[in-house]
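J.: Pasting structure24.txt below, which is compact mmCIF, C-alpha atoms.
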# COMPACT_ATOMS: atom_id res chain seq x y z
CA MET D 135 111.99 103.85 105.95
CA ASP D 136 110.98 104.86 102.42
CA PHE D 137 107.40 105.66 101.34
CA PRO D 138 107.49 106.64 97.65
CA GLN D 139 103.94 105.44 96.87
CA ALA D 140 102.45 107.01 99.99
CA THR D 141 104.31 110.26 99.33
CA ALA D 142 102.75 110.37 95.87
CA ALA D 143 99.27 109.76 97.32
CA ALA D 144 99.54 112.48 99.99
CA SER D 145 99.62 116.24 99.51
CA ARG D 146 102.43 116.36 102.09
CA PHE D 147 104.08 113.33 103.68
CA GLU D 148 106.39 113.23 106.71
CA PHE D 149 107.88 110.13 108.32
CA LEU D 150 109.06 110.62 111.90
CA ALA D 151 111.60 108.25 113.45
CA GLU D 152 109.72 108.73 116.73
CA SER D 153 106.64 110.63 117.86
CA ALA D 154 104.77 110.87 121.13
CA SER D 155 101.54 111.07 119.12
CA THR D 156 101.20 111.65 115.39
CA ASN D 157 97.65 112.94 115.92
CA ALA D 158 98.83 115.48 118.50
CA ALA D 159 101.70 116.58 116.25
CA LEU D 160 99.42 117.03 113.25
CA ARG D 161 96.83 118.94 115.29
CA VAL D 162 99.48 121.52 116.19
CA LEU D 163 100.86 121.73 112.65
CA SER D 164 97.37 122.04 111.14
CA ALA D 165 97.25 125.69 112.28
CA ASP D 166 99.36 126.47 109.18
CA ALA D 167 96.87 125.71 106.41
CA ASP D 168 99.26 126.64 103.60
CA ALA D 169 102.06 124.36 104.78
CA TRP D 170 99.73 121.51 105.77
CA PRO D 171 96.92 121.18 103.20
CA HIS D 172 94.16 118.61 102.90
CA LEU D 173 95.51 115.03 102.91
CA SER D 174 98.77 115.90 104.69
CA VAL D 175 100.15 112.82 106.46
CA ILE D 176 102.46 112.04 109.37
CA VAL D 177 103.65 108.45 109.91
CA THR D 178 105.86 106.77 112.49
CA ASP D 179 106.65 103.22 113.54
CA ASP D 180 107.63 104.36 117.05
CA GLN D 181 104.77 106.15 118.80
CA THR D 182 105.42 106.52 122.52
CA ALA D 183 102.21 108.10 123.85
CA GLY D 184 99.42 107.29 121.44
CA ARG D 185 95.75 107.46 122.39
CA GLY D 186 92.65 105.64 121.29
CA ARG D 187 88.96 106.29 121.82
CA LEU D 188 87.80 107.43 125.29
CA ASP D 189 91.35 108.69 125.94
CA ARG D 190 92.75 105.18 126.31
CA SER D 191 96.50 104.77 125.88
CA TRP D 192 97.80 103.05 122.76
CA ASP D 193 101.42 102.01 122.65
CA ALA D 194 103.54 99.26 121.13
CA PRO D 195 107.20 98.27 121.05
CA ALA D 196 109.20 100.35 118.56
CA GLY D 197 108.99 99.03 115.02
CA THR D 198 105.99 96.76 115.63
CA ALA D 199 103.12 99.08 114.68
CA LEU D 200 102.46 101.90 112.26
CA ALA D 201 100.78 105.14 113.35
CA VAL D 202 99.26 107.08 110.46
CA SER D 203 97.64 110.51 110.90
CA VAL D 204 95.87 112.27 108.03
CA LEU D 205 94.68 115.88 107.96
CA LEU D 206 91.25 116.35 106.41
CA ARG D 207 90.22 119.85 105.33
CA ARG D 208 87.73 119.14 102.53
CA LEU D 209 84.83 117.91 104.64
CA PRO D 210 81.15 117.26 103.91
CA SER D 211 79.08 120.36 104.64
CA HIS D 212 76.27 118.43 106.33
CA PRO D 213 76.98 117.33 109.95
CA GLU D 214 75.18 114.03 109.36
CA ALA D 215 77.66 113.13 106.60
CA THR D 216 80.62 114.14 108.77
CA GLY D 217 79.64 111.45 111.27
CA TRP D 218 80.62 108.82 108.70
CA ILE D 219 84.30 109.82 108.63
CA PRO D 220 85.59 107.28 111.22
CA LEU D 221 83.63 104.53 109.47
CA VAL D 222 84.95 105.62 106.07
CA ALA D 223 88.48 105.46 107.48
CA GLY D 224 87.79 101.96 108.79
CA LEU D 225 86.52 100.88 105.38
CA ALA D 226 89.56 102.39 103.62
CA MET D 227 91.96 100.63 105.99
CA ALA D 228 90.06 97.34 105.75
CA ASP D 229 90.38 97.48 101.97
CA ALA D 230 94.10 98.28 102.25
CA VAL D 231 94.69 95.42 104.69
CA THR D 232 92.75 92.99 102.48
CA VAL D 233 95.19 93.59 99.61
CA GLN D 234 98.01 92.13 101.72
CA LEU D 235 96.06 89.52 103.68
CA ALA D 236 94.19 87.73 100.94
CA GLY D 237 92.30 84.72 102.22
CA HIS D 238 91.53 86.30 105.58
CA GLU D 239 88.22 87.79 106.64
CA VAL D 240 88.67 91.55 107.06
CA GLY D 241 85.89 93.76 108.39
CA VAL D 242 85.00 96.98 110.20
CA LYS D 243 83.79 96.76 113.79
CA TRP D 244 81.55 99.69 114.62
CA PRO D 245 82.58 102.39 115.19
CA ASN D 246 86.34 102.44 114.69
CA ASP D 247 88.17 99.11 114.55
CA VAL D 248 89.44 96.96 111.70
CA LEU D 249 89.27 93.21 112.37
CA VAL D 250 91.04 90.33 110.69
CA ASP D 251 89.44 86.93 111.36
CA GLY D 252 87.55 88.58 114.22
CA ARG D 253 90.60 90.09 115.91
CA LYS D 254 91.62 93.75 116.01
CA ILE D 255 94.50 94.79 113.76
CA CYS D 256 93.79 98.53 113.62
CA GLY D 257 92.03 101.26 115.57
CA ILE D 258 90.82 104.61 114.24
CA LEU D 259 90.60 107.94 116.10
CA ALA D 260 89.08 111.09 114.57
CA GLU D 261 89.73 114.41 116.31
CA SER D 262 88.34 117.80 115.32
CA THR D 263 90.57 120.87 115.17
CA GLY D 264 87.61 123.18 114.51
CA SER D 265 87.82 123.62 110.76
CA ALA D 266 89.57 120.32 110.03
CA ILE D 267 89.74 116.73 111.26
CA VAL D 268 92.86 114.78 112.18
CA LEU D 269 92.28 111.11 111.45
CA GLY D 270 94.60 108.67 113.21
CA ALA D 271 95.06 104.96 112.54
CA GLY D 272 97.25 102.52 114.46
CA VAL D 273 98.05 99.29 112.63
CA ASN D 274 99.71 96.25 114.22
CA THR D 275 102.36 95.27 111.70
CA ALA D 276 105.41 93.41 113.07
CA MET D 277 104.01 92.71 116.56
CA THR D 278 104.55 89.07 117.50
CA ALA D 279 101.82 86.97 119.06
CA ALA D 280 103.56 87.34 122.44
CA GLN D 281 103.61 91.15 122.09
CA LEU D 282 99.91 91.52 121.33
CA PRO D 283 98.24 93.44 124.19
CA VAL D 284 95.08 91.30 124.42
CA PRO D 285 93.93 87.91 123.06
CA THR D 286 91.44 89.69 120.79
CA ALA D 287 94.23 91.51 118.89
CA THR D 288 96.23 90.39 115.88
CA SER D 289 98.94 91.67 113.54
CA PHE D 290 100.45 91.01 110.14
CA ALA D 291 103.33 89.14 111.80
CA ALA D 292 101.04 87.06 113.99
CA LEU D 293 99.27 86.00 110.79
CA GLY D 294 102.57 85.01 109.19
CA ALA D 295 102.76 88.03 106.87
CA VAL D 296 105.27 90.84 106.37
CA ALA D 297 103.47 94.15 105.91
CA ASP D 298 104.48 96.37 103.00
CA HIS D 299 104.22 99.67 104.89
CA ASP D 300 104.42 101.88 101.83
CA ARG D 301 101.74 99.93 99.96
CA LEU D 302 99.52 99.83 103.05
CA VAL D 303 99.61 103.60 103.60
CA SER D 304 99.31 104.35 99.89
CA ASP D 305 96.29 102.07 99.41
CA TYR D 306 94.68 103.51 102.54
CA LEU D 307 95.17 107.12 101.44
CA ARG D 308 93.88 106.59 97.92
CA ARG D 309 90.77 104.73 99.09
CA LEU D 310 90.16 107.23 101.89
CA SER D 311 90.49 110.18 99.53
CA GLY D 312 88.03 108.67 97.03
CA LEU D 313 85.41 107.87 99.68
CA LEU D 314 85.66 111.32 101.27
CA GLU D 315 85.42 113.00 97.87
CA ALA D 316 82.22 111.07 97.12
CA LEU D 317 80.79 111.91 100.53
CA ALA D 318 81.59 115.61 100.15
CA THR D 319 80.31 115.77 96.56
CA TRP D 320 76.98 114.07 97.15
CA GLY D 321 76.48 115.42 100.65
CA ASP D 322 75.14 112.24 102.22
CA ALA D 323 76.12 108.63 102.77
CA ASP D 324 73.28 107.12 100.76
CA ARG D 325 73.70 108.92 97.43
CA SER D 326 77.49 108.71 97.63
CA GLY D 327 77.39 104.93 98.04
CA VAL D 328 79.26 105.18 101.35
CA HIS D 329 76.36 103.76 103.39
CA ASP D 330 76.19 100.60 101.28
CA ALA D 331 79.99 100.20 101.08
CA VAL D 332 80.52 100.53 104.84
CA SER D 333 77.55 98.29 105.62
CA ALA D 334 78.93 95.57 103.36
CA ARG D 335 82.23 95.62 105.32
CA CYS D 336 80.70 96.06 108.77
CA ALA D 337 81.36 92.93 110.82
CA THR D 338 79.06 94.21 113.58
CA LEU D 339 75.85 94.03 111.56
CA GLY D 340 73.82 90.91 112.14
CA ARG D 341 75.71 90.13 115.33
CA ASP D 342 74.46 89.93 118.90
CA VAL D 343 76.25 92.72 120.73
CA ASP D 344 76.78 94.04 124.23
CA VAL D 345 76.87 97.85 124.31
CA SER D 346 78.34 99.82 127.22
CA LEU D 347 76.84 103.30 127.01
CA PRO D 348 78.73 106.48 127.97
CA GLY D 349 76.32 107.25 130.82
CA GLY D 350 76.94 103.89 132.45
CA GLY D 351 74.01 101.97 131.02
CA ALA D 352 74.20 98.81 128.94
CA LEU D 353 72.28 97.09 126.18
CA HIS D 354 72.27 93.58 124.80
CA GLY D 355 70.69 93.05 121.41
CA THR D 356 71.24 92.55 117.71
CA ALA D 357 72.99 95.12 115.50
CA ILE D 358 70.64 95.37 112.54
CA ARG D 359 71.82 98.33 110.43
CA LEU D 360 73.59 101.67 110.25
CA ALA D 361 71.45 104.79 110.46
CA GLY D 362 71.71 107.62 107.93
CA ASP D 363 74.24 109.44 110.12
CA GLY D 364 76.39 106.37 110.83
CA ARG D 365 74.91 105.52 114.21
CA LEU D 366 74.44 101.84 115.02
CA VAL D 367 70.87 100.57 115.25
CA VAL D 368 70.52 97.83 117.87
CA GLU D 369 67.29 95.90 118.30
CA VAL D 370 66.44 94.90 121.88
CA ASP D 371 63.22 92.94 122.48
CA GLY D 372 61.67 94.30 119.30
CA ALA D 373 62.58 97.95 120.01
CA GLU D 374 65.25 99.80 118.04
CA HIS D 375 67.94 101.84 119.80
CA LEU D 376 70.24 104.34 118.09
CA ILE D 377 73.81 104.09 119.42
CA ALA D 378 75.92 107.18 118.86
CA ALA D 379 78.83 106.25 121.15
CA GLY D 380 79.95 103.53 123.49
CA ASP D 381 81.86 100.28 123.60
CA VAL D 382 80.45 97.46 121.48
CA VAL D 383 81.44 93.85 122.11
CA HIS D 384 80.56 91.16 119.60
CA ALA D 385 78.95 88.15 121.21
CA ARG D 386 80.67 84.92 120.30
CA LEU D 387 79.19 83.01 117.44
CA ALA D 388 78.01 79.50 118.23
Show the structure stored in the file as structure tokens.
T.:
Amino acid sequence: MDFPQATAAASRFEFLAESASTNAALRVLSADADAWPHLSVIVTDDQTAGRGRLDRSWDAPAGTALAVSVLLRRLPSHPEATGWIPLVAGLAMADAVTVQLAGHEVGVKWPNDVLVDGRKICGILAESTGSAIVLGAGVNTAMTAAQLPVPTATSFAALGAVADHDRLVSDYLRRLSGLLEALATWGDADRSGVHDAVSARCATLGRDVDVSLPGGGALHGTAIRLAGDGRLVVEVDGAEHLIAAGDVVHARLA
């Protein structure tokens, strides 16, 4: 598989015919900062032991999904700005997907999914290596409707489209790089424009949501905005709750 555009967009680009986990591979390789600089990328269309948030497994038949891992070394200095990185990745991927799925509604589901027409086409996983972040994305490309793991998932193929892998990765990298540069330069999501850009793409805002909290609790309310550090603000009976982590389910629209 050839990736000339993506290779040009990355500082280093490697396509693997097979990988247990591109994130795990890049975490190990990131120890060599000279060989693997900022915006180094590993891609495969055959990931055999991928993981999502909360250590959930993520796998797909060979050739049906694209795993993309990006090494980020130039990070915002303020911890509050760093919290936006998964959302920035979701925005960048949503923009890249939109280019190839014109006419469909593409959005970011807080905190780390990309939805097309309300169904998940991509998940994002950010993992810290200490001084860097490995940012993984898994995109359903050639997965048929029968191969989709859950009814709430979708793919390019299920939508009747053939994904241009090179264009998808290239568009994602260029948008991601620009957003991260703005975030690092300005130091916060508001002045960089990231807060407004992510909010405009966030399919969760304005929706009634069910939130399963890490400690075992649950909330049902309305997602009203994103806080300055990227946390989700959910209003329950007139009181606002800041959600830093947890599973969020969109209630069905009437």
J.: Which of these residues is nearest to D:Thr141, using all atoms listed in the file: D:Arg308, D:His384, D:His354, D:Arg335?
T.: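 Of the candidates, the smallest distance to D:Thr141 is held by D:Arg308.
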J.: Near D:Val328, counting only C-alpha atoms, which residues have an atom at most 8 Å away, once you skip same-chain residues fewer than 6 positions from it, shown as a PyMOL selection string?
T.: chain D and resi 222+313+316-317
J.: Using C-alpha atoms, can you export the residues from the last selection as a PDB file, in the coordinates of the input?
T.:
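Once everything was written out, this is part.pdb:
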ATOM      1  CA  VAL D 222      84.950 105.620 106.070  1.00  0.00           C
ATOM      2  CA  LEU D 313      85.410 107.870  99.680  1.00  0.00           C
ATOM      3  CA  ALA D 316      82.220 111.070  97.120  1.00  0.00           C
ATOM      4  CA  LEU D 317      80.790 111.910 100.530  1.00  0.00           C
TER       5      LEU D 317
END
J.: Here is a test: counting all atoms listed in the file, which residue of D:Val370, D:Val284, D:Leu173, D:Ala279 is nearest to D:Val204?
T.: D:Leu173
J.: Enter the distance from atom CA of D:Val367 to atom CA of D:Arg386, in Å, rounded to one decimal.
T.: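 Computing it gives 19.1 Å between the two atoms.
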J.: Enter the distance from atom CA of D:Thr178 to atom CA of D:Glu152, in Å, rounded to one decimal.
T.: 6.1 Å
J.: Can you tell me, as a ChimeraX atom specification, what residues are no more than 9 Å from D:Ile258 when counting all atoms listed in the file, ignoring any on the same chain fewer than 6 positions away?
T.: /D:186-187,220-221,223-224,245-248,269-272
J.: Counting only C-alpha atoms, I want the residues whose atoms come within 9 Å of (77.3, 89.4, 111.8) in the file frame, returned as a list in words.
T.: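 Those within range, by chain then number, are Cys336, Ala337, Thr338, Leu339, Gly340, Arg341, Asp342, Ala357, Ile358, His384 and Leu387 of chain D.
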J.: Deliver the residues from the most recent selection as a file, using C-alpha atoms, as a PDB file, in the coordinates of the input.
T.:
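This is the output file out-v1.pdb:
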ATOM      1  CA  CYS D 336      80.700  96.060 108.770  1.00  0.00           C
ATOM      2  CA  ALA D 337      81.360  92.930 110.820  1.00  0.00           C
ATOM      3  CA  THR D 338      79.060  94.210 113.580  1.00  0.00           C
ATOM      4  CA  LEU D 339      75.850  94.030 111.560  1.00  0.00           C
ATOM      5  CA  GLY D 340      73.820  90.910 112.140  1.00  0.00           C
ATOM      6  CA  ARG D 341      75.710  90.130 115.330  1.00  0.00           C
ATOM      7  CA  ASP D 342      74.460  89.930 118.900  1.00  0.00           C
ATOM      8  CA  ALA D 357      72.990  95.120 115.500  1.00  0.00           C
ATOM      9  CA  ILE D 358      70.640  95.370 112.540  1.00  0.00           C
ATOM     10  CA  HIS D 384      80.560  91.160 119.600  1.00  0.00           C
ATOM     11  CA  LEU D 387      79.190  83.010 117.440  1.00  0.00           C
TER      12      LEU D 387
END
J.: So that I can check the surroundings of D:Ala144, please list as a PyMOL selection string every protein, DNA and RNA residue that reaches within 10 Å of it, counting all atoms listed in the file and ignoring chain neighbours fewer than 5 positions away.
T.: chain D and resi 139+171-176+204-205+303-304+307-308+311
J.: Could those selected residues go to a file with C-alpha atoms, as an mmCIF file, in the coordinates of the input?
T.:
data_model
loop_
_atom_site.group_PDB
_atom_site.id
_atom_site.type_symbol
_atom_site.label_atom_id
_atom_site.label_comp_id
_atom_site.auth_asym_id
_atom_site.auth_seq_id
_atom_site.Cartn_x
_atom_site.Cartn_y
_atom_site.Cartn_z
ATOM 1 C CA GLN D 139 103.940 105.440 96.870
ATOM 2 C CA PRO D 171 96.920 121.180 103.200
ATOM 3 C CA HIS D 172 94.160 118.610 102.900
ATOM 4 C CA LEU D 173 95.510 115.030 102.910
ATOM 5 C CA SER D 174 98.770 115.900 104.690
ATOM 6 C CA VAL D 175 100.150 112.820 106.460
ATOM 7 C CA ILE D 176 102.460 112.040 109.370
ATOM 8 C CA VAL D 204 95.870 112.270 108.030
ATOM 9 C CA LEU D 205 94.680 115.880 107.960
ATOM 10 C CA VAL D 303 99.610 103.600 103.600
ATOM 11 C CA SER D 304 99.310 104.350 99.890
ATOM 12 C CA LEU D 307 95.170 107.120 101.440
ATOM 13 C CA ARG D 308 93.880 106.590 97.920
ATOM 14 C CA SER D 311 90.490 110.180 99.530
#
J.: Edge lengths and centre, in Å to one decimal, as lines of an AutoDock Vina configuration file: that's what I need for the box along x, y and z that holds all listed atoms of stretch 374-377 of chain D plus 4 Å on each side.
T.:
center_x = 69.5
center_y = 102.1
center_z = 118.9
size_x = 16.6
size_y = 12.5
size_z = 9.8
J.: Which residue is closest to D:Val382? Choose from D:Val332, D:Gly350, D:Leu235, D:Trp244 and count all atoms listed in the file.
T.: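 That would be D:Trp244, the residue with the smallest distance to D:Val382.
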J.: For atom CA of D:Ala199 and atom CA of D:Ala158, determine how far apart the two atoms are, in Å to one decimal place.
T.: 17.4 Å
J.: Excluding stretch 285-295 of chain D and residues on its chain fewer than 3 positions from it, collect all residues at most 7 Å away from it, counting only C-alpha atoms, and give them as a PyMOL selection string.
T.: chain D and resi 253-255+274-279+282
J.: Near D:Leu347, counting only C-alpha atoms, which residues have an atom at most 12 Å away, once you skip same-chain residues fewer than 6 positions from it, shown as an mmCIF file with C-alpha atoms, in the frame of the given file?
T.:
data_model
loop_
_atom_site.group_PDB
_atom_site.id
_atom_site.type_symbol
_atom_site.label_atom_id
_atom_site.label_comp_id
_atom_site.auth_asym_id
_atom_site.auth_seq_id
_atom_site.Cartn_x
_atom_site.Cartn_y
_atom_site.Cartn_z
ATOM 1 C CA LEU D 188 87.800 107.430 125.290
ATOM 2 C CA LEU D 353 72.280 97.090 126.180
ATOM 3 C CA HIS D 354 72.270 93.580 124.800
ATOM 4 C CA HIS D 375 67.940 101.840 119.800
ATOM 5 C CA LEU D 376 70.240 104.340 118.090
ATOM 6 C CA ILE D 377 73.810 104.090 119.420
ATOM 7 C CA ALA D 378 75.920 107.180 118.860
ATOM 8 C CA ALA D 379 78.830 106.250 121.150
ATOM 9 C CA GLY D 380 79.950 103.530 123.490
ATOM 10 C CA ASP D 381 81.860 100.280 123.600
ATOM 11 C CA VAL D 382 80.450 97.460 121.480
ATOM 12 C CA VAL D 383 81.440 93.850 122.110
#
J.: Let me make sure I understand: among D:Ile219, D:Leu310, D:Ala167, D:Leu366, which one has the smallest atom-to-atom distance to D:Ile267 if we use only C-alpha atoms?
T.: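 For D:Ile267, the nearest of the given residues is D:Ile219.
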J.: Using only C-alpha atoms, find the one residue out of D:Pro348, D:Gly321, D:Gly252, D:Pro283 that sits nearest to D:Trp218.
T.: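 Ranked by minimum distance to D:Trp218, first place goes to D:Gly321.
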J.: Some atoms are missing, so please complete stretch 252-277 of chain D with N, CA and C atoms and return it as a PDB file, keeping the file's coordinate frame.
T.:
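For reference, out_17.pdb as written:
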ATOM      1  N   GLY D 252      88.196  88.283 112.950  1.00  0.00           N
ATOM      2  CA  GLY D 252      87.550  88.580 114.220  1.00  0.00           C
ATOM      3  C   GLY D 252      88.422  89.236 115.263  1.00  0.00           C
ATOM      4  N   ARG D 253      89.693  89.479 114.944  1.00  0.00           N
ATOM      5  CA  ARG D 253      90.600  90.090 115.910  1.00  0.00           C
ATOM      6  C   ARG D 253      91.071  91.459 115.413  1.00  0.00           C
ATOM      7  N   LYS D 254      91.297  92.363 116.348  1.00  0.00           N
ATOM      8  CA  LYS D 254      91.620  93.750 116.010  1.00  0.00           C
ATOM      9  C   LYS D 254      93.057  93.905 115.523  1.00  0.00           C
ATOM     10  N   ILE D 255      93.181  94.488 114.315  1.00  0.00           N
ATOM     11  CA  ILE D 255      94.500  94.790 113.760  1.00  0.00           C
ATOM     12  C   ILE D 255      94.741  96.291 113.687  1.00  0.00           C
ATOM     13  N   CYS D 256      93.672  97.081 113.774  1.00  0.00           N
ATOM     14  CA  CYS D 256      93.790  98.530 113.620  1.00  0.00           C
ATOM     15  C   CYS D 256      92.671  99.241 114.355  1.00  0.00           C
ATOM     16  N   GLY D 257      93.014 100.378 114.969  1.00  0.00           N
ATOM     17  CA  GLY D 257      92.030 101.260 115.570  1.00  0.00           C
ATOM     18  C   GLY D 257      92.075 102.625 114.912  1.00  0.00           C
ATOM     19  N   ILE D 258      90.947 103.303 114.882  1.00  0.00           N
ATOM     20  CA  ILE D 258      90.820 104.610 114.240  1.00  0.00           C
ATOM     21  C   ILE D 258      90.402 105.640 115.292  1.00  0.00           C
ATOM     22  N   LEU D 259      90.988 106.838 115.217  1.00  0.00           N
ATOM     23  CA  LEU D 259      90.600 107.940 116.100  1.00  0.00           C
ATOM     24  C   LEU D 259      90.496 109.222 115.296  1.00  0.00           C
ATOM     25  N   ALA D 260      89.298 109.820 115.270  1.00  0.00           N
ATOM     26  CA  ALA D 260      89.080 111.090 114.570  1.00  0.00           C
ATOM     27  C   ALA D 260      88.964 112.205 115.594  1.00  0.00           C
ATOM     28  N   GLU D 261      89.727 113.281 115.389  1.00  0.00           N
ATOM     29  CA  GLU D 261      89.730 114.410 116.310  1.00  0.00           C
ATOM     30  C   GLU D 261      89.548 115.711 115.530  1.00  0.00           C
ATOM     31  N   SER D 262      88.599 116.539 115.985  1.00  0.00           N
ATOM     32  CA  SER D 262      88.340 117.800 115.320  1.00  0.00           C
ATOM     33  C   SER D 262      89.303 118.880 115.785  1.00  0.00           C
ATOM     34  N   THR D 263      89.751 119.715 114.833  1.00  0.00           N
ATOM     35  CA  THR D 263      90.570 120.870 115.170  1.00  0.00           C
ATOM     36  C   THR D 263      89.764 122.157 115.014  1.00  0.00           C
ATOM     37  N   GLY D 264      88.476 122.035 114.776  1.00  0.00           N
ATOM     38  CA  GLY D 264      87.610 123.180 114.510  1.00  0.00           C
ATOM     39  C   GLY D 264      87.193 123.213 113.064  1.00  0.00           C
ATOM     40  N   SER D 265      88.127 123.558 112.184  1.00  0.00           N
ATOM     41  CA  SER D 265      87.820 123.620 110.760  1.00  0.00           C
ATOM     42  C   SER D 265      88.317 122.392 110.004  1.00  0.00           C
ATOM     43  N   ALA D 266      89.011 121.509 110.678  1.00  0.00           N
ATOM     44  CA  ALA D 266      89.570 120.320 110.030  1.00  0.00           C
ATOM     45  C   ALA D 266      89.421 119.128 110.971  1.00  0.00           C
ATOM     46  N   ILE D 267      89.743 117.959 110.453  1.00  0.00           N
ATOM     47  CA  ILE D 267      89.740 116.730 111.260  1.00  0.00           C
ATOM     48  C   ILE D 267      91.085 116.046 111.094  1.00  0.00           C
ATOM     49  N   VAL D 268      91.658 115.607 112.207  1.00  0.00           N
ATOM     50  CA  VAL D 268      92.860 114.780 112.180  1.00  0.00           C
ATOM     51  C   VAL D 268      92.407 113.335 112.401  1.00  0.00           C
ATOM     52  N   LEU D 269      92.732 112.498 111.444  1.00  0.00           N
ATOM     53  CA  LEU D 269      92.280 111.110 111.450  1.00  0.00           C
ATOM     54  C   LEU D 269      93.480 110.202 111.704  1.00  0.00           C
ATOM     55  N   GLY D 270      93.482 109.540 112.855  1.00  0.00           N
ATOM     56  CA  GLY D 270      94.600 108.670 113.210  1.00  0.00           C
ATOM     57  C   GLY D 270      94.246 107.204 113.060  1.00  0.00           C
ATOM     58  N   ALA D 271      95.227 106.408 112.634  1.00  0.00           N
ATOM     59  CA  ALA D 271      95.060 104.960 112.540  1.00  0.00           C
ATOM     60  C   ALA D 271      96.308 104.295 113.100  1.00  0.00           C
ATOM     61  N   GLY D 272      96.122 103.295 113.934  1.00  0.00           N
ATOM     62  CA  GLY D 272      97.250 102.520 114.460  1.00  0.00           C
ATOM     63  C   GLY D 272      97.121 101.090 114.004  1.00  0.00           C
ATOM     64  N   VAL D 273      98.102 100.621 113.239  1.00  0.00           N
ATOM     65  CA  VAL D 273      98.050  99.290 112.630  1.00  0.00           C
ATOM     66  C   VAL D 273      99.124  98.394 113.220  1.00  0.00           C
ATOM     67  N   ASN D 274      98.732  97.224 113.713  1.00  0.00           N
ATOM     68  CA  ASN D 274      99.710  96.250 114.220  1.00  0.00           C
ATOM     69  C   ASN D 274     100.374  95.561 113.030  1.00  0.00           C
ATOM     70  N   THR D 275     101.655  95.808 112.867  1.00  0.00           N
ATOM     71  CA  THR D 275     102.360  95.270 111.700  1.00  0.00           C
ATOM     72  C   THR D 275     103.293  94.122 112.100  1.00  0.00           C
ATOM     73  N   ALA D 276     104.413  94.433 112.761  1.00  0.00           N
ATOM     74  CA  ALA D 276     105.410  93.410 113.070  1.00  0.00           C
ATOM     75  C   ALA D 276     105.283  92.862 114.491  1.00  0.00           C
ATOM     76  N   MET D 277     104.215  93.178 115.186  1.00  0.00           N
ATOM     77  CA  MET D 277     104.010  92.710 116.560  1.00  0.00           C
ATOM     78  C   MET D 277     103.854  91.186 116.579  1.00  0.00           C
TER      79      MET D 277
END
